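Q: This is query19.cif (mmCIF, C-alpha atoms and all ligand atoms).
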```cif
data_input
#
loop_
_atom_site.group_PDB
_atom_site.id
_atom_site.type_symbol
_atom_site.label_atom_id
_atom_site.label_comp_id
_atom_site.auth_asym_id
_atom_site.auth_seq_id
_atom_site.Cartn_x
_atom_site.Cartn_y
_atom_site.Cartn_z
ATOM 1 C CA MET A 1 0.000 0.000 0.000
ATOM 2 C CA ARG A 2 1.433 3.370 -1.025
ATOM 3 C CA THR A 3 -0.234 6.352 0.623
ATOM 4 C CA PRO A 4 -0.665 9.138 -1.938
ATOM 5 C CA LEU A 5 1.592 12.116 -1.317
ATOM 6 C CA ILE A 6 0.784 15.619 -2.525
ATOM 7 C CA VAL A 7 3.578 18.174 -2.202
ATOM 8 C CA GLY A 8 3.211 21.898 -2.803
ATOM 9 C CA ASN A 9 6.481 23.441 -3.970
ATOM 10 C CA TRP A 10 6.040 27.167 -3.439
ATOM 11 C CA LYS A 11 9.371 27.888 -5.155
ATOM 12 C CA MET A 12 10.387 31.548 -4.557
ATOM 13 C CA ASN A 13 6.857 32.685 -3.735
ATOM 14 C CA LYS A 14 5.153 34.093 -0.623
ATOM 15 C CA THR A 15 6.596 36.046 2.263
ATOM 16 C CA ALA A 16 6.358 34.761 5.823
ATOM 17 C CA SER A 17 3.115 36.688 6.392
ATOM 18 C CA GLU A 18 1.654 35.529 3.080
ATOM 19 C CA GLY A 19 2.487 32.003 4.199
ATOM 20 C CA ARG A 20 0.501 32.563 7.392
ATOM 21 C CA ALA A 21 -2.486 33.805 5.401
ATOM 22 C CA PHE A 22 -2.274 30.824 3.057
ATOM 23 C CA VAL A 23 -2.360 28.364 5.958
ATOM 24 C CA ARG A 24 -5.360 30.119 7.513
ATOM 25 C CA ASP A 25 -7.374 29.716 4.290
ATOM 26 C CA PHE A 26 -6.008 26.318 3.376
ATOM 27 C CA GLN A 27 -6.768 24.714 6.727
ATOM 28 C CA GLN A 28 -10.424 25.607 6.347
ATOM 29 C CA LEU A 29 -10.491 23.659 3.117
ATOM 30 C CA VAL A 30 -8.405 20.641 3.981
ATOM 31 C CA GLU A 31 -7.177 18.693 6.939
ATOM 32 C CA PRO A 32 -5.853 15.540 5.336
ATOM 33 C CA SER A 33 -7.201 12.156 6.308
ATOM 34 C CA THR A 34 -4.975 9.168 6.811
ATOM 35 C CA ASP A 35 -5.546 8.358 3.131
ATOM 36 C CA VAL A 36 -3.314 11.105 1.778
ATOM 37 C CA GLU A 37 -0.163 12.851 2.979
ATOM 38 C CA VAL A 38 0.182 16.559 2.331
ATOM 39 C CA VAL A 39 3.431 18.532 2.426
ATOM 40 C CA LEU A 40 3.893 22.282 2.087
ATOM 41 C CA ALA A 41 7.344 23.333 0.887
ATOM 42 C CA PRO A 42 7.590 27.110 1.330
ATOM 43 C CA PRO A 43 10.801 29.106 0.934
ATOM 44 C CA PHE A 44 13.198 28.905 3.894
ATOM 45 C CA THR A 45 12.048 32.310 5.123
ATOM 46 C CA ALA A 46 8.424 31.168 5.525
ATOM 47 C CA LEU A 47 9.092 27.781 7.142
ATOM 48 C CA GLU A 48 8.712 29.070 10.674
ATOM 49 C CA SER A 49 5.531 31.064 10.046
ATOM 50 C CA VAL A 50 3.939 28.156 8.164
ATOM 51 C CA ARG A 51 4.928 25.735 10.914
ATOM 52 C CA SER A 52 3.501 27.848 13.699
ATOM 53 C CA SER A 53 0.328 28.608 11.715
ATOM 54 C CA LEU A 54 -0.287 24.929 11.045
ATOM 55 C CA GLY A 55 -0.110 24.196 14.771
ATOM 56 C CA ALA A 56 1.303 21.221 16.591
ATOM 57 C CA THR A 57 -1.564 18.837 15.843
ATOM 58 C CA SER A 58 -1.868 19.367 12.094
ATOM 59 C CA ARG A 59 -1.350 16.361 9.827
ATOM 60 C CA ILE A 60 -0.041 18.698 7.126
ATOM 61 C CA MET A 61 3.728 18.353 7.017
ATOM 62 C CA LEU A 62 6.510 20.766 6.260
ATOM 63 C CA GLY A 63 9.148 20.347 3.582
ATOM 64 C CA ALA A 64 12.057 22.430 2.292
ATOM 65 C CA GLN A 65 13.092 23.019 -1.302
ATOM 66 C CA ASN A 66 16.825 22.462 -0.970
ATOM 67 C CA LEU A 67 19.629 21.833 1.506
ATOM 68 C CA HIS A 68 23.393 21.909 1.625
ATOM 69 C CA TRP A 69 25.241 18.628 2.044
ATOM 70 C CA GLU A 70 27.359 19.765 4.963
ATOM 71 C CA GLN A 71 25.889 19.987 8.452
ATOM 72 C CA GLN A 72 27.468 23.343 9.296
ATOM 73 C CA GLY A 73 30.442 25.549 8.542
ATOM 74 C CA ALA A 74 31.685 28.296 6.291
ATOM 75 C CA PHE A 75 29.089 28.062 3.496
ATOM 76 C CA THR A 76 27.680 31.570 3.241
ATOM 77 C CA GLY A 77 24.056 31.616 2.194
ATOM 78 C CA GLU A 78 23.455 27.900 2.629
ATOM 79 C CA ILE A 79 21.087 25.936 4.890
ATOM 80 C CA SER A 80 21.802 22.486 6.324
ATOM 81 C CA GLY A 81 19.533 19.501 6.854
ATOM 82 C CA SER A 82 19.793 19.701 10.623
ATOM 83 C CA MET A 83 18.618 23.338 10.499
ATOM 84 C CA LEU A 84 15.591 22.236 8.492
ATOM 85 C CA LEU A 85 14.872 19.360 10.825
ATOM 86 C CA ASP A 86 15.017 21.725 13.778
ATOM 87 C CA LEU A 87 12.388 23.926 12.096
ATOM 88 C CA GLY A 88 10.039 20.963 11.839
ATOM 89 C CA CYS A 89 10.705 19.856 8.265
ATOM 90 C CA ARG A 90 10.089 16.195 7.472
ATOM 91 C CA TYR A 91 10.771 16.294 3.737
ATOM 92 C CA VAL A 92 13.239 18.052 1.474
ATOM 93 C CA ILE A 93 13.126 18.412 -2.317
ATOM 94 C CA VAL A 94 16.482 17.517 -3.880
ATOM 95 C CA GLY A 95 17.707 18.004 -7.436
ATOM 96 C CA HIS A 96 14.766 20.007 -8.774
ATOM 97 C CA SER A 97 15.382 20.830 -12.431
ATOM 98 C CA GLU A 98 15.433 24.550 -11.627
ATOM 99 C CA ARG A 99 18.347 23.891 -9.287
ATOM 100 C CA ARG A 100 20.029 21.701 -11.862
ATOM 101 C CA THR A 101 19.683 24.202 -14.699
ATOM 102 C CA LEU A 102 19.733 27.621 -12.988
ATOM 103 C CA PHE A 103 22.133 26.791 -10.161
ATOM 104 C CA TRP A 104 24.321 24.242 -11.916
ATOM 105 C CA GLU A 105 23.613 21.321 -9.595
ATOM 106 C CA ARG A 106 25.214 18.197 -10.975
ATOM 107 C CA ASN A 107 24.263 14.584 -10.293
ATOM 108 C CA GLU A 108 27.238 14.400 -7.875
ATOM 109 C CA ASP A 109 25.850 17.327 -5.871
ATOM 110 C CA VAL A 110 22.382 15.811 -5.837
ATOM 111 C CA GLN A 111 23.853 12.546 -4.562
ATOM 112 C CA LYS A 112 25.554 14.342 -1.662
ATOM 113 C CA LYS A 113 22.318 16.153 -0.826
ATOM 114 C CA VAL A 114 20.253 12.948 -0.778
ATOM 115 C CA ARG A 115 22.793 11.369 1.575
ATOM 116 C CA ALA A 116 22.904 14.458 3.796
ATOM 117 C CA ALA A 117 19.114 14.536 4.037
ATOM 118 C CA LEU A 118 18.944 10.871 5.008
ATOM 119 C CA ALA A 119 21.800 11.231 7.480
ATOM 120 C CA CYS A 120 19.870 13.801 9.479
ATOM 121 C CA GLY A 121 16.494 12.091 9.253
ATOM 122 C CA LEU A 122 14.837 14.095 6.474
ATOM 123 C CA ARG A 123 12.959 12.314 3.709
ATOM 124 C CA PRO A 124 14.388 13.349 0.338
ATOM 125 C CA ILE A 125 12.148 13.880 -2.679
ATOM 126 C CA LEU A 126 14.577 13.203 -5.517
ATOM 127 C CA CYS A 127 13.554 15.006 -8.711
ATOM 128 C CA VAL A 128 14.385 13.532 -12.085
ATOM 129 C CA GLY A 129 13.283 14.440 -15.590
ATOM 130 C CA GLU A 130 14.356 15.045 -19.141
ATOM 131 C CA SER A 131 14.463 18.239 -21.190
ATOM 132 C CA LEU A 132 12.448 18.600 -24.383
ATOM 133 C CA THR A 133 15.525 18.023 -26.560
ATOM 134 C CA GLU A 134 16.392 14.918 -24.580
ATOM 135 C CA ARG A 135 12.855 13.568 -25.061
ATOM 136 C CA GLU A 136 12.830 14.402 -28.743
ATOM 137 C CA THR A 137 16.156 12.688 -29.285
ATOM 138 C CA GLY A 138 15.080 9.506 -27.490
ATOM 139 C CA GLN A 139 17.239 10.021 -24.410
ATOM 140 C CA THR A 140 14.544 10.142 -21.727
ATOM 141 C CA GLU A 141 15.292 6.756 -20.215
ATOM 142 C CA ARG A 142 19.061 7.209 -20.235
ATOM 143 C CA ILE A 143 18.894 10.625 -18.571
ATOM 144 C CA ILE A 144 16.525 9.424 -15.871
ATOM 145 C CA ASP A 145 18.557 6.271 -15.244
ATOM 146 C CA GLU A 146 21.664 8.429 -14.769
ATOM 147 C CA GLN A 147 19.851 10.744 -12.377
ATOM 148 C CA LEU A 148 18.473 7.795 -10.397
ATOM 149 C CA SER A 149 21.804 5.964 -10.350
ATOM 150 C CA ALA A 150 23.538 8.999 -8.885
ATOM 151 C CA GLY A 151 20.786 9.992 -6.490
ATOM 152 C CA LEU A 152 20.174 6.530 -5.079
ATOM 153 C CA ASP A 153 23.754 5.244 -5.207
ATOM 154 C CA GLN A 154 24.723 2.977 -2.295
ATOM 155 C CA LEU A 155 21.585 3.602 -0.279
ATOM 156 C CA THR A 156 20.604 0.907 2.169
ATOM 157 C CA ASP A 157 17.172 -0.723 2.020
ATOM 158 C CA ALA A 158 16.134 1.222 5.096
ATOM 159 C CA ASN A 159 17.169 4.481 3.431
ATOM 160 C CA LEU A 160 15.499 3.627 0.134
ATOM 161 C CA LYS A 161 12.219 3.206 1.996
ATOM 162 C CA THR A 162 12.229 6.846 2.979
ATOM 163 C CA VAL A 163 13.079 8.219 -0.471
ATOM 164 C CA THR A 164 10.384 9.555 -2.791
ATOM 165 C CA ILE A 165 11.038 10.081 -6.501
ATOM 166 C CA ALA A 166 9.415 12.938 -8.389
ATOM 167 C CA TYR A 167 9.275 12.617 -12.160
ATOM 168 C CA GLU A 168 9.165 16.157 -13.520
ATOM 169 C CA PRO A 169 9.714 16.456 -17.266
ATOM 170 C CA VAL A 170 11.458 19.809 -17.652
ATOM 171 C CA TRP A 171 9.297 20.738 -20.641
ATOM 172 C CA ALA A 172 6.138 20.375 -18.533
ATOM 173 C CA ILE A 173 7.220 22.606 -15.649
ATOM 174 C CA GLY A 174 5.424 25.937 -15.549
ATOM 175 C CA THR A 175 4.468 25.659 -19.206
ATOM 176 C CA GLY A 176 0.834 24.609 -18.918
ATOM 177 C CA ARG A 177 1.832 21.674 -21.092
ATOM 178 C CA ALA A 178 1.536 18.686 -18.766
ATOM 179 C CA ALA A 179 2.710 15.269 -19.861
ATOM 180 C CA THR A 180 -0.121 13.008 -20.933
ATOM 181 C CA THR A 181 -1.101 10.358 -18.411
ATOM 182 C CA VAL A 182 0.288 7.774 -20.822
ATOM 183 C CA GLN A 183 3.663 9.566 -21.084
ATOM 184 C CA ALA A 184 3.874 9.995 -17.307
ATOM 185 C CA GLY A 185 2.641 6.459 -16.617
ATOM 186 C CA ASP A 186 5.281 5.000 -18.975
ATOM 187 C CA VAL A 187 8.139 6.840 -17.282
ATOM 188 C CA HIS A 188 6.840 6.004 -13.803
ATOM 189 C CA ARG A 189 6.704 2.328 -14.733
ATOM 190 C CA SER A 190 10.248 2.422 -16.045
ATOM 191 C CA ILE A 191 11.477 4.208 -12.900
ATOM 192 C CA ARG A 192 9.906 1.487 -10.767
ATOM 193 C CA ALA A 193 11.418 -1.226 -12.976
ATOM 194 C CA PHE A 194 14.821 0.456 -12.752
ATOM 195 C CA VAL A 195 14.654 0.508 -8.950
ATOM 196 C CA ALA A 196 13.488 -3.128 -8.897
ATOM 197 C CA ASN A 197 16.382 -4.253 -11.132
ATOM 198 C CA ARG A 198 19.066 -2.235 -9.496
ATOM 199 C CA TRP A 199 17.949 -2.601 -5.901
ATOM 200 C CA LYS A 200 15.116 -4.752 -4.636
ATOM 201 C CA ASP A 201 11.606 -5.544 -5.771
ATOM 202 C CA ALA A 202 10.415 -4.721 -2.272
ATOM 203 C CA ALA A 203 11.946 -1.239 -2.417
ATOM 204 C CA ALA A 204 10.373 -0.653 -5.823
ATOM 205 C CA ALA A 205 6.972 -1.806 -4.634
ATOM 206 C CA THR A 206 6.886 0.597 -1.700
ATOM 207 C CA MET A 207 8.646 3.582 -3.266
ATOM 208 C CA ARG A 208 6.374 6.514 -4.011
ATOM 209 C CA ILE A 209 6.811 8.120 -7.407
ATOM 210 C CA LEU A 210 5.172 11.521 -7.866
ATOM 211 C CA TYR A 211 4.390 13.306 -11.095
ATOM 212 C CA GLY A 212 5.160 17.021 -11.420
ATOM 213 C CA GLY A 213 4.746 19.484 -14.290
ATOM 214 C CA SER A 214 1.659 21.659 -14.859
ATOM 215 C CA VAL A 215 -0.524 19.647 -12.485
ATOM 216 C CA THR A 216 -3.818 21.468 -11.946
ATOM 217 C CA ALA A 217 -7.103 20.946 -10.132
ATOM 218 C CA GLN A 218 -8.498 19.908 -13.512
ATOM 219 C CA ASN A 219 -5.939 17.296 -14.579
ATOM 220 C CA ALA A 220 -4.798 15.904 -11.190
ATOM 221 C CA ALA A 221 -7.352 13.087 -11.061
ATOM 222 C CA SER A 222 -6.269 11.673 -14.418
ATOM 223 C CA PHE A 223 -2.652 11.373 -13.195
ATOM 224 C CA LEU A 224 -3.610 9.964 -9.823
ATOM 225 C CA GLU A 225 -5.746 7.242 -11.380
ATOM 226 C CA SER A 226 -2.656 5.749 -12.985
ATOM 227 C CA PRO A 227 -1.429 2.777 -10.896
ATOM 228 C CA ASP A 228 2.232 3.874 -10.882
ATOM 229 C CA ILE A 229 1.596 7.539 -10.050
ATOM 230 C CA ASP A 230 1.510 7.873 -6.280
ATOM 231 C CA GLY A 231 0.996 11.587 -5.939
ATOM 232 C CA ALA A 232 1.986 14.968 -7.292
ATOM 233 C CA LEU A 233 4.654 17.616 -6.876
ATOM 234 C CA VAL A 234 2.757 20.795 -7.617
ATOM 235 C CA GLY A 235 4.158 24.233 -8.452
ATOM 236 C CA GLY A 236 1.849 26.990 -9.722
ATOM 237 C CA ALA A 237 -1.429 25.367 -8.660
ATOM 238 C CA CYS A 238 -0.301 24.948 -5.040
ATOM 239 C CA LEU A 239 -0.060 28.697 -4.463
ATOM 240 C CA ASN A 240 -3.811 29.039 -4.331
ATOM 241 C CA PRO A 241 -5.483 27.283 -1.367
ATOM 242 C CA ASP A 242 -8.549 26.379 -3.432
ATOM 243 C CA SER A 243 -6.790 24.727 -6.336
ATOM 244 C CA PHE A 244 -4.323 22.932 -4.061
ATOM 245 C CA ALA A 245 -7.198 21.615 -1.922
ATOM 246 C CA LYS A 246 -8.901 20.300 -5.068
ATOM 247 C CA ILE A 247 -5.739 18.396 -6.052
ATOM 248 C CA ILE A 248 -5.670 16.829 -2.574
ATOM 249 C CA ALA A 249 -9.340 15.889 -2.904
ATOM 250 C CA ALA A 250 -8.496 14.124 -6.179
ATOM 251 C CA ALA A 251 -5.832 12.075 -4.358
ATOM 252 C CA ASN A 252 -8.322 11.208 -1.635
ATOM 253 C CA ARG A 253 -10.614 9.700 -4.216
ATOM 254 C CA ASN A 254 -7.865 7.618 -5.799
ATOM 255 C CA PRO A 255 -6.232 5.481 -3.110
ATOM 256 C CA HIS A 256 -3.685 2.987 -4.478
ATOM 257 C CA SER A 257 -3.201 -0.447 -3.085
HETATM 258 O O1 LIG A 301 8.316 22.264 -10.718
HETATM 259 C C1 LIG A 301 7.217 21.909 -10.313
HETATM 260 C C2 LIG A 301 7.032 21.412 -8.934
HETATM 261 O O2 LIG A 301 8.237 21.156 -8.330
HETATM 262 C C3 LIG A 301 6.033 21.975 -11.188
HETATM 263 O O3 LIG A 301 5.712 23.295 -11.389
HETATM 264 P P1 LIG A 301 4.333 23.653 -12.116
HETATM 265 O O4 LIG A 301 3.256 22.849 -11.402
HETATM 266 O O5 LIG A 301 4.170 25.117 -11.946
HETATM 267 O O6 LIG A 301 4.462 23.223 -13.538
#
```
Show how you would write the structure in this file as structure tokens.

A:
Amino acid sequence: MRTPLIVGNWKMNKTASEGRAFVRDFQQLVEPSTDVEVVLAPPFTALESVRSSLGATSRIMLGAQNLHWEQQGAFTGEISGSMLLDLGCRYVIVGHSERRTLFWERNEDVQKKVRAALACGLRPILCVGESLTERETGQTERIIDEQLSAGLDQLTDANLKTVTIAYEPVWAIGTGRAATTVQAGDVHRSIRAFVANRWKDAAAATMRILYGGSVTAQNAASFLESPDIDGALVGGACLNPDSFAKIIAAANRNPHS
């Protein structure tokens, strides 16, 4: 049984006070049941206000969008996993394509970040995905295999159990051009097969694989109906409490077994 996971990646949006206002509205619309996990991933500067607005008893969890691989030290401008954990984060997004393309993160960096997250008890959400050129030149599988190989390298079974993969085709992010459910379903299946071959069937069976890229309140249900799509990593549509709540409702109606 894989519990659906819906993650809202706020990217560089919302101040701390806007985060507070979001939570106030959002909590009136949704308090997740045990059938779906919900994570809000605001910018670092809004983590504390979102955490305190959610309150200690909320089932809605907190995630961060990035971390540095060292625990502490002379790394001006960086944030470590233990700092995030201390602020109440449970999840951290690693290797988002915006970090890979705009901030030059390489597979080696992503690997160090996954390990650092696991070492301090955060659950990494490892993002993988191909660019449009890579898709059009038939390289999707190779690119994703390379990203998975690096990100998951040498993880123990226990660690693998706490990793989530997010398949985010770069060409679908923020473009309004989502992958079709068939395209996403195919890649999700091949990610699961890759994990099963390389690691263990058991790890592949329990690993959650999310789809991300122009997910909306309108198209979420069609993704979540697919047996290999265990949730969504949502950008634009998570910034509005209404549309994000509708995506969560779609996950609630589509439990996977
Ligand atoms: O990058 C994304 C989530 O991490 C997806 O963004 P959009 O939902 O805005 O396409």

Q: List as JSON, numbers by chain the protein and nucleic acid residues lying within 9 Å of ligand LIG 301 (chain A), with only C-alpha atoms and all ligand atoms counted.

A: {"A": [7, 8, 9, 10, 11, 65, 93, 96, 97, 98, 127, 166, 168, 169, 170, 171, 172, 173, 174, 175, 176, 177, 178, 211, 212, 213, 214, 215, 216, 232, 233, 234, 235, 236, 237, 238]}

Q: Around (18.1, 3.3, -13.4) in the file's frame, which residues reach within 7 Å when counting all atoms listed in the file? Return as a list in words?

A: Ile144, Asp145, Glu146, Leu148, Ser149, Ile191, Phe194, Val195 and Arg198 of chain A

Q: Quick one: everything within 9 Å of Pro4 of chain A, counting all atoms listed in the file, minus sequence neighbours fewer than 2 positions away in the same chain. Send it as a list in words.

A: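 So the residues in contact are Arg2, Ile6, Asp35, Val36, Glu37, Val38, Arg208, Leu210, Leu224, Ile229, Asp230, Gly231, Ala232, Ala251, Asn252, Asn254, Pro255 and His256 of chain A.
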
Q: With only C-alpha atoms as the basis for distance, which of A:Asn66, A:Gln28, A:Asn107, A:Thr15 is at the shortest distance from Val50 of chain A?

A: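 For Val50 of chain A, the nearest of the candidates is A:Thr15.
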
Q: Evaluate the PyMOL selection byres (((chain A and resi 184-187) around 8) and not hetatm) against this structure - the residues, as an NGL selection string, please.

A: :A and (141 or 167 or 179-183 or 188-191 or 211 or 223 or 226-229)

Q: Under the rule that all atoms listed in the file are counted, which of A:Leu47, A:Met12, A:Ala116, A:Val110 is the nearest residue to Glu70 of chain A?

A: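 Of A:Leu47, A:Met12, A:Ala116, A:Val110, the one nearest Glu70 of chain A is A:Ala116, counting all atoms listed in the file.
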
Q: One decimal, in Å: what's the spacing between atom CA of Thr164 of chain A and atom CA of Ser82 of chain A?

A: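 These atoms are spaced 19.3 Å apart.
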
Q: Between A:Pro42, A:Gly129, A:Gly63, A:Gly138, which residue has the minimum interatomic distance to Arg100 of chain A, considering only C-alpha atoms?

A: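 Closest to Arg100 of chain A, using only C-alpha atoms: A:Gly129.
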
Q: The PyMOL selection byres (((chain A and resi 204) around 10) and not hetatm) - which residues does that actually catch in the file I just gave you? List them as a PyMOL selection string.

A: chain A and resi 160-161+191-203+205-209

Q: Return the single residue from A:Ile247, A:Val39, A:Val30, A:Leu132 that is closest to Ile60 of chain A, with distances computed using all atoms listed in the file.

A: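 For Ile60 of chain A, the nearest of the given residues is A:Val39.
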
Q: Taking into account only C-alpha atoms, which residue in the set A:Ala221, A:Pro43, A:Leu102, A:Lys113 is nearest to Cys89 of chain A?

A: A:Pro43

Q: For a test of reading the model, state the distance in Å between atom CA of Phe244 of chain A and atom CA of Ala217 of chain A, rounded to one decimal.

A: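 We find that atom CA of Phe244 of chain A and atom CA of Ala217 of chain A lie 7.0 Å from each other.
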
Q: Give as an MDAnalysis selection string the residues that the PyMOL selection byres (((chain A and resi 26) around 10) and not hetatm) matches when applied to the coordinates above.

A: chainID A and resid 20:25 27:31 54 240:245
